[in-house]
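Q: I'm passing along input_18.csv; it holds CSV, C-alpha atoms.
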chain,number,residue,atom,x,y,z
A,21,MET,CA,0.0,0.0,0.0
A,22,GLY,CA,2.8,2.4,0.9
A,23,GLU,CA,4.6,1.6,-2.3
A,24,GLN,CA,1.5,2.4,-4.3
A,25,ASN,CA,1.1,5.8,-2.6
A,26,ASP,CA,4.8,6.6,-3.3
A,27,ASN,CA,4.3,5.7,-7.0
A,28,ALA,CA,1.2,8.0,-7.2
A,29,ILE,CA,3.1,10.9,-5.6
A,30,ASP,CA,6.1,10.4,-8.0
A,31,ASP,CA,3.7,10.4,-11.0
A,32,LEU,CA,2.1,13.6,-9.7
A,33,ARG,CA,5.5,15.3,-9.4
A,34,ALA,CA,6.6,14.2,-12.8
A,35,SER,CA,3.4,15.5,-14.4
A,36,ILE,CA,3.7,18.8,-12.5
A,37,GLU,CA,7.3,19.3,-13.6
A,38,GLN,CA,6.3,18.8,-17.2
A,39,GLU,CA,3.3,21.2,-17.1
A,40,ILE,CA,5.1,24.0,-15.3
A,41,ARG,CA,6.2,26.7,-17.6
A,42,PHE,CA,6.4,30.1,-15.9
A,43,ARG,CA,7.0,33.3,-17.9
A,44,THR,CA,9.9,35.2,-16.8
A,45,ALA,CA,9.7,38.8,-15.7
A,46,PHE,CA,12.3,41.4,-15.1
A,47,SER,CA,13.3,40.0,-11.8
A,48,GLY,CA,12.3,36.4,-12.5
A,49,TYR,CA,9.0,34.5,-12.9
A,50,ASP,CA,5.7,36.3,-12.8
A,51,LYS,CA,4.6,36.2,-9.1
A,52,ASN,CA,0.9,36.2,-9.8
A,53,GLU,CA,1.2,33.3,-12.2
A,54,VAL,CA,3.4,31.4,-9.6
A,55,ARG,CA,0.8,32.1,-6.9
A,56,GLU,CA,-2.1,31.0,-9.1
A,57,TYR,CA,-0.2,27.8,-10.0
A,58,ILE,CA,0.7,27.1,-6.4
A,59,GLU,CA,-3.0,27.6,-5.4
A,60,ALA,CA,-4.1,25.3,-8.3
A,61,LEU,CA,-1.4,22.9,-7.2
A,62,LYS,CA,-2.6,23.1,-3.6
A,63,GLU,CA,-6.1,22.4,-4.7
A,64,GLU,CA,-5.0,19.4,-6.8
A,65,CYS,CA,-2.9,18.1,-3.9
A,66,ARG,CA,-5.9,18.5,-1.5
A,67,GLN,CA,-8.1,16.6,-4.0
A,68,ALA,CA,-5.4,14.0,-4.5
A,69,VAL,CA,-4.8,13.7,-0.7
A,70,SER,CA,-8.6,13.6,-0.1
A,71,SER,CA,-9.0,10.9,-2.8
A,72,LEU,CA,-6.0,9.0,-1.4
A,73,GLU,CA,-7.4,9.3,2.1
A,74,ALA,CA,-10.8,8.1,0.9
A,75,GLU,CA,-9.1,5.2,-0.9
A,76,ASN,CA,-7.0,4.5,2.2
A,77,ASN,CA,-10.2,4.5,4.4
A,78,ARG,CA,-11.9,2.2,1.9
A,79,LEU,CA,-8.9,-0.1,1.9
A,80,ARG,CA,-8.7,-0.1,5.7
A,81,ALA,CA,-12.4,-1.0,5.9
A,82,GLU,CA,-11.9,-3.7,3.3
A,83,ASN,CA,-8.8,-4.9,5.2
A,84,GLU,CA,-10.8,-4.9,8.5
A,85,ALA,CA,-13.6,-6.9,6.8
A,86,LEU,CA,-11.0,-9.3,5.3
A,87,LYS,CA,-9.4,-9.7,8.8
A,88,GLN,CA,-12.9,-10.5,10.3
A,89,SER,CA,-13.6,-12.9,7.4
A,90,ALA,CA,-10.1,-14.5,8.0
A,91,GLY,CA,-10.9,-14.7,11.7
A,92,GLU,CA,-14.2,-16.3,11.0
A,93,LEU,CA,-12.6,-18.7,8.5
A,94,GLU,CA,-9.9,-19.6,11.0
A,95,LYS,CA,-12.6,-20.2,13.6
A,96,GLN,CA,-14.5,-22.4,11.1
A,97,LYS,CA,-11.3,-24.2,10.2
A,98,ALA,CA,-10.6,-24.9,13.9
A,99,GLU,CA,-14.1,-26.1,14.4
A,100,ALA,CA,-13.8,-28.3,11.3
A,101,ARG,CA,-10.5,-29.7,12.6
A,102,ASN,CA,-12.1,-30.3,16.0
A,103,GLU,CA,-15.1,-32.0,14.4
A,104,GLU,CA,-12.8,-34.1,12.2
A,105,ARG,CA,-10.8,-35.1,15.2
A,106,ARG,CA,-14.0,-36.0,17.1
A,107,LYS,CA,-15.1,-38.1,14.1
A,108,ARG,CA,-11.7,-39.7,13.8
A,109,ASP,CA,-11.7,-40.5,17.6
A,110,ALA,CA,-15.2,-41.9,17.4
A,111,GLU,CA,-14.2,-44.0,14.4
A,112,LEU,CA,-11.2,-45.3,16.2
A,113,LYS,CA,-13.3,-46.1,19.3
A,114,MET,CA,-15.8,-47.9,17.0
A,115,GLN,CA,-13.0,-49.8,15.3
A,116,GLU,CA,-11.5,-50.7,18.6
A,117,SER,CA,-14.9,-51.9,19.8
A,118,LEU,CA,-15.4,-53.9,16.7
A,119,VAL,CA,-12.0,-55.5,17.0
A,120,ILE,CA,-12.7,-56.4,20.6
A,121,ASN,CA,-16.1,-57.8,19.6
A,122,LEU,CA,-14.6,-59.7,16.6
A,123,ARG,CA,-11.9,-61.2,18.8
A,124,ALA,CA,-14.5,-62.3,21.4
A,125,ALA,CA,-16.7,-63.8,18.7
A,126,ASN,CA,-13.7,-65.5,17.1
A,127,GLN,CA,-12.7,-66.9,20.5
A,128,ARG,CA,-16.3,-68.2,21.1
A,129,LEU,CA,-16.3,-69.7,17.6
A,130,THR,CA,-12.9,-71.2,18.2
A,131,ASP,CA,-14.1,-72.7,21.5
A,132,ASP,CA,-17.3,-73.9,19.9
A,133,ASN,CA,-15.3,-75.4,17.0
A,134,HIS,CA,-13.0,-77.2,19.4
A,135,ALA,CA,-16.0,-78.5,21.4
A,136,LYS,CA,-17.6,-79.7,18.2
A,137,GLN,CA,-14.4,-81.3,17.1
A,138,LEU,CA,-14.3,-83.2,20.4
A,139,GLU,CA,-17.9,-84.2,19.9
A,140,ILE,CA,-17.2,-85.4,16.4
A,141,ALA,CA,-14.2,-87.4,17.6
A,142,ASP,CA,-16.4,-89.0,20.3
A,143,LEU,CA,-19.1,-89.7,17.8
A,144,LYS,CA,-16.6,-91.3,15.4
A,145,GLU,CA,-15.3,-93.4,18.2
A,146,GLN,CA,-18.9,-94.5,19.2
A,147,LEU,CA,-19.6,-95.2,15.5
A,148,SER,CA,-16.5,-97.3,15.2
A,149,THR,CA,-17.6,-99.2,18.3
A,150,VAL,CA,-21.1,-99.6,16.9
A,151,ARG,CA,-19.7,-100.9,13.6
A,152,THR,CA,-17.4,-103.3,15.4
A,153,VAL,CA,-20.2,-104.5,17.6
A,154,THR,CA,-22.6,-104.6,14.6
A,155,ALA,CA,-20.0,-106.6,12.6
A,156,GLU,CA,-19.4,-109.0,15.5
A,157,GLY,CA,-23.2,-109.2,16.1
A,158,SER,CA,-23.8,-109.7,12.4
A,159,ALA,CA,-21.2,-112.5,12.4
A,160,SER,CA,-22.8,-113.9,15.6
A,161,LEU,CA,-26.2,-113.6,14.1
A,162,SER,CA,-25.0,-115.3,11.0
A,163,ASP,CA,-23.5,-118.1,13.1
A,164,LEU,CA,-26.7,-118.2,15.2
A,165,ASN,CA,-28.9,-118.2,12.1
A,166,LEU,CA,-26.9,-121.1,10.6
A,167,SER,CA,-27.0,-122.9,13.9
A,168,LEU,CA,-30.8,-122.3,14.3
A,169,GLN,CA,-31.3,-123.3,10.7
A,170,THR,CA,-29.4,-126.6,11.4
A,171,MET,CA,-31.4,-127.2,14.6
A,172,LEU,CA,-34.7,-126.4,12.8
A,173,ASN,CA,-33.8,-128.8,10.0
A,174,ASP,CA,-32.9,-131.4,12.6
A,175,GLN,CA,-36.2,-130.8,14.5
A,176,VAL,CA,-38.2,-130.8,11.2
A,177,ALA,CA,-36.5,-134.1,10.2
A,178,GLU,CA,-37.2,-135.5,13.7
A,179,CYS,CA,-40.8,-134.3,13.5
A,180,ARG,CA,-41.2,-135.9,10.1
A,181,HIS,CA,-39.7,-139.1,11.5
A,182,LEU,CA,-42.2,-138.9,14.4
A,183,ILE,CA,-45.0,-138.2,12.0
A,184,ASP,CA,-44.0,-141.1,9.9
A,185,ALA,CA,-43.7,-143.3,13.0
A,186,TRP,CA,-47.1,-142.2,14.2
A,187,LYS,CA,-48.5,-142.7,10.7
A,188,ASN,CA,-47.2,-146.2,10.8
A,189,GLU,CA,-48.4,-146.8,14.3
A,190,PHE,CA,-51.8,-145.3,13.5
A,191,GLY,CA,-52.0,-147.5,10.4
A,192,ASN,CA,-51.1,-150.5,12.6
A,193,VAL,CA,-53.7,-149.5,15.2
A,194,ILE,CA,-56.3,-149.1,12.5
A,195,GLU,CA,-55.5,-152.4,11.0
A,196,GLU,CA,-55.7,-154.0,14.5
A,197,VAL,CA,-59.0,-152.2,15.2
A,198,ASN,CA,-60.3,-153.3,11.8
A,199,ARG,CA,-59.1,-156.9,12.4
A,200,ARG,CA,-60.7,-157.0,15.8
A,201,VAL,CA,-64.0,-155.5,14.5
A,202,GLN,CA,-64.0,-158.2,11.8
A,203,GLN,CA,-63.3,-160.9,14.3
A,204,GLN,CA,-66.1,-159.8,16.5
A,205,GLU,CA,-68.5,-159.7,13.6
A,206,SER,CA,-67.5,-163.1,12.6
Please go through the file and, once you have read it, give me the structure as C-alpha cells.

A:
Amino acid sequence: MGEQNDNAIDDLRASIEQEIRFRTAFSGYDKNEVREYIEALKEECRQAVSSLEAENNRLRAENEALKQSAGELEKQKAEARNEERRKRDAELKMQESLVINLRAANQRLTDDNHAKQLEIADLKEQLSTVRTVTAEGSASLSDLNLSLQTMLNDQVAECRHLIDAWKNEFGNVIEEVNRRVQQQES
C-alpha cells in the first residue's frame, strides 16, 4: 500500500514538472502566475490527498472486513478440525470396539469349534464301536442263524420221522382195530 502511494506521488510530481512553464519577468518569474499555479497545485494536492485518504479508508475498511472474514474462516477451520478429530476419535473407538467384539466372537467360535471337534471325535469313536459290535453281532447272528437253521432242519426231520412213526403206528392201530372188528363180527 505504501509503495502504491509513493508511486502515485512520484507520478504527480513528474506531471507537475512537465506542465510548469512560468513566464519570466524582469526579476524572474511572474509572481501572480506562480501564486495561481501554487493555489491550483494546492487544490490538486488537496483533492489527491482527499482521494487517497478516501481510498485509504476504503482499503482499511476492506482490510478490516477481510481480517474479520479471515478470523471467521480460522474459527470455522478450527471447528472443522475439531469436528474431524472427534469423528476420527469416534471411528477409532468404534473400530477398537469392533476389533474387541470380533476377537471375542472369534474366541467363542474357536471354543465352539473345538468342542464340536471333540464331539465329532467322540461320535466317530462311538460309531466305530457300533460298527465293530454290529460286525461282531452280524457274524454272531449269521452263526446263530446257521445254527438255528441246522437245529430247525434237525427238528423238522425228527418231526417228520415222528409223524412217519405215528402214521405207521396209526396205520397199525387201524389195521388192528379193523381186524378185531372183523373178528367180532364173525

Q: Between CA of Ala85 (chain A) and CA of Ser71 (chain A), measure the distance and give it in Å to one decimal.

A: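 Value for the CA of Ala85 (chain A)-CA of Ser71 (chain A) distance: 20.7 Å.
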
Q: Work out how far CA of Ala74 (chain A) is from CA of Asp31 (chain A), in Å to one decimal.

A: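 The value is 18.9 Å.
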
Q: Between CA of Leu182 (chain A) and CA of Val201 (chain A), what is the spacing in Å?

A: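 Between CA of Val201 (chain A) and CA of Leu182 (chain A) the gap works out to 27.4 Å.
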